Structures are given as C-alpha cells and as structure tokens.
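Take a look at the structure set out below.
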Amino acid sequence: MITFANGHTLGYDDVGSGIPVLLLHGFPHNRSLWSPQLGALAAAARTICMDLRGFGDSTPGAARSMDDYADDAAALLDTLGIDRAVITGLSMGGYATLAFWRRHPARVRALVLCDTRAGADSEASRASRRDMQVMAQRQGSAAIANQLINGMVGPTTRLKNPELVDELHRMMSLAPEDGVVGALGAMMTRPDSTPTLATIDVPTLIIVGEEDALAPVTEARTMYLAIGGSRLEIIAGAGHVSNAERPATFNHLLSEFLISLTAQ
Ligand code: MLT
C-alpha cells in the first residue's frame, strides 16, 4: 500500500519478476479480480494489480474521470521504479487503459484490452448510470451487485461455477459507495476512444469471452480491426470476467503474449 502526498492511499500487489504487467480491474471490482493471474504469471512477468481509486484499499476518494485512474496507475509505476509496463485492463479497466495510452504513451510497452469497448456511453447508458448512482447512494453496493451479477458472467459459469458467482457478488457488494458513484460518473463522461485506436502503435492483445453480454465479441472485433497488428482471442465458455471464468486459457494467452514481447 502506498500513500500519495494528497493523502490518497493506493492498494496494490506486486509479484514475480520479468516484464512488468499492470492489471486494472473492472466495475465495481477490486484488485482481487486478478487473483487467478497473480501467481500464474509470476514465472513470466512482474505482475502488479492495483485497486482503482475508490475501490478495495484505494480509499478514500472517488475518480472524476478515467484520467484519474490512468494518472494513479502512472504514479504507481513511478513509485515502483518501472519505466514501461504492459497495461492490461478489463472492461472499465480497459477504458482506463485507453486513457493511460492517451496520457502516458511512453510508459506503455504493450496493451491488453479484455472484455471492453472503445465507444463512449449512449444516452440510454448514461441515464441508467445516473439511476445506478442513486441506487448506490440509497441502497448501497449490495443493490448494485444484485443488479449486475447476472451480466457479469456467462451462462457456462452460472451453470458450472456458482462459487465464482458468489465470490464476485461478495466482491461487488463490498465496493465503497463513493467509489461506485465516482466510477459511474467517470464512465458516463468518458470520451469516445474510437479515434484513439488508430494511434496505438504498440503490440496489442484483445481478449473477450465468447459469452460476454456486456462488452460482446462485436466490440472486441471493432477494436481489433482498428488497431494495426493487434491480435484477437475469443475465449469459449467465458463471459464478461473472462480472466476469472476461464483462468487457465486466459493465463496461457497472456503468458504467450508476454513471452512474444520478451523475445522481440
Ligand atoms: C465493467 O465490468 O467494468 C463494466 O461492465 C463497465 C461498464 O459498465 O461499462
């Protein structure tokens, strides 16, 4: 855990050695989302996962924009003495990853975009985020978890791995309300990153669960077609949190990608 001069505390784990990989979680998760990756990648990489502002141990405070998350990530790299890292984000973490690319391109060795999209929110999504902010303030994060849990995983996981569903529900229920409200605001005001895609000139891996209903394969394919030289991997039997639903496949794809970077 580190505390910045502004009094904000940032929770993180830093495991293994090798090429640095920074993992950014989705909404309304915390860094424990990446537990299946932490030990598994340790042989190939220095794996760092952080709690985004307002989640897990990164409190108090809430983000006002994706740029806040991106700048916190850059500050963590500074603190750890890391010049460049493979920035990896899932869903909301992917939005923050694209903001990181815009703001700190020199710090990016490569990108991994998981179960995410480039586009901004539609008007309907913004309205639903505003409703969710009110729900979080009035009923707490457990109500948000109840609303989101079904879309969080695919039908295969719902059927075969109810323990994971319970674990995710618990994680989301524990999210601090101000972090949730801040993240919803940051997501609804995030810019359209579609024009950013053409500027990406580092190796990029795009991963998506075949059963992802929140950031479906079509979104991943759009990013793949717009990012020159990128690679698209679709994980069968996984939904929105593909890293947790099919960890062995996810870790294999990520490890292979990291090895290809070190071989270059
Ligand atoms: C997430 O998992 O981070 C969310 O699905 C992102 C979003 O609500 O747009």
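We name chains A, B, ... following the order of the structure tokens; residues begin at 1 in each chain, and ligands are numbered from 1 as shown.
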Counting only C-alpha atoms and all ligand atoms, what residues are within 10 Å of ligand 1, given as a PyMOL selection string? chain A and resi 24-29+89-96+114-117+119-121+125-126+128-129+148+151-153+183-184+187-188+212-215+240-241
Segment 37-187 of chain A: residues DSSP assigns to alpha helix (DSSP H), reported as a ChimeraX atom specification: /A:37-38,66-80,92-103,123-139,141-152,155-160,162-173,177-187
With only C-alpha atoms as the counted atoms, please give the residues lying no more than 8 Å from Asp71 of chain A, apart from itself and same-chain residues fewer than 3 positions off, as a list of chain:residue names. A:Asp67, A:Asp68, A:Ala74, A:Ala75, A:Phe100, A:Arg103
Could you take the residues named above and write them with N, CA, C and O atoms, as a compact mmCIF listing (two decimals), in the first residue's frame?
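Done, and the output landed in out27.txt:
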```txt
# COMPACT_ATOMS: atom_id res chain seq x y z
N ASP A 67 -9.18 9.61 -16.58
CA ASP A 67 -7.81 10.15 -16.47
C ASP A 67 -7.27 10.00 -15.04
O ASP A 67 -6.07 9.79 -14.85
N ASP A 68 -8.15 10.12 -14.05
CA ASP A 68 -7.69 9.94 -12.66
C ASP A 68 -7.13 8.53 -12.47
O ASP A 68 -6.07 8.35 -11.88
N ALA A 74 0.02 5.58 -13.45
CA ALA A 74 1.35 6.09 -13.78
C ALA A 74 2.13 6.42 -12.50
O ALA A 74 3.33 6.16 -12.41
N ALA A 75 1.41 6.96 -11.50
CA ALA A 75 2.08 7.29 -10.23
C ALA A 75 2.56 6.01 -9.54
O ALA A 75 3.63 6.00 -8.92
N PHE A 100 -4.89 5.76 -20.30
CA PHE A 100 -3.46 5.69 -19.99
C PHE A 100 -2.64 5.86 -21.28
O PHE A 100 -1.65 6.59 -21.31
N ARG A 103 -2.56 9.45 -22.29
CA ARG A 103 -1.86 10.39 -21.40
C ARG A 103 -0.39 10.02 -21.16
O ARG A 103 0.42 10.90 -20.89
```
Where in segment 92-217 of chain A does DSSP assign strand (DSSP E), given as a ChimeraX atom specification? /A:108-114,204-209
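For the choices A:Ala73, A:Val86, A:Ala43, A:Val202, the atom-to-atom distance to Pro20 of chain A is smallest for A:Val86 when using only C-alpha atoms.
For the choices A:Tyr224, A:Glu210, A:Ile48, A:Arg64, the atom-to-atom distance to Arg190 of chain A is smallest for A:Arg64 when using only C-alpha atoms.
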List every residue of segment 42-110 of chain A that has an atom at most 7 Å from any atom of segment 173-177 of chain A, giving for each one its closest atom pair and the distance in Å to one decimal, counting only C-alpha atoms, sorted by chain and then by ascending residue number, as a tab-separated table.
```
residue	atom	partner	partner_atom	distance
A:Gly54	CA	A:Pro176	CA	6.6
A:Phe55	CA	A:Ala175	CA	5.9
A:Gly56	CA	A:Ala175	CA	6.8
```
Hey, what's within 8 Å of Ala198 of chain A if we count only C-alpha atoms and toss same-chain stuff fewer than 4 positions away? As a PyMOL selection string, please? chain A and resi 194+226-228
Residue selection dump (N, CA, C and O atoms) as a PDB file, in the first residue's frame:
```pdb
ATOM      1  N   THR A 194     -12.704   5.659 -29.856  1.00  0.00           N
ATOM      2  CA  THR A 194     -12.545   5.077 -31.198  1.00  0.00           C
ATOM      3  C   THR A 194     -11.408   5.756 -31.981  1.00  0.00           C
ATOM      4  O   THR A 194     -10.576   5.048 -32.568  1.00  0.00           O
ATOM      5  N   ALA A 226      -9.381  -1.943 -35.867  1.00  0.00           N
ATOM      6  CA  ALA A 226      -8.882  -0.555 -35.868  1.00  0.00           C
ATOM      7  C   ALA A 226      -7.448  -0.427 -35.349  1.00  0.00           C
ATOM      8  O   ALA A 226      -6.798   0.589 -35.602  1.00  0.00           O
ATOM      9  N   ILE A 227      -6.970  -1.422 -34.603  1.00  0.00           N
ATOM     10  CA  ILE A 227      -5.612  -1.330 -34.037  1.00  0.00           C
ATOM     11  C   ILE A 227      -4.671  -2.160 -34.905  1.00  0.00           C
ATOM     12  O   ILE A 227      -4.761  -3.396 -34.943  1.00  0.00           O
ATOM     13  N   GLY A 228      -3.791  -1.482 -35.601  1.00  0.00           N
ATOM     14  CA  GLY A 228      -2.888  -2.153 -36.543  1.00  0.00           C
ATOM     15  C   GLY A 228      -2.053  -3.223 -35.854  1.00  0.00           C
ATOM     16  O   GLY A 228      -1.468  -2.971 -34.801  1.00  0.00           O
TER      17      GLY A 228
END
```
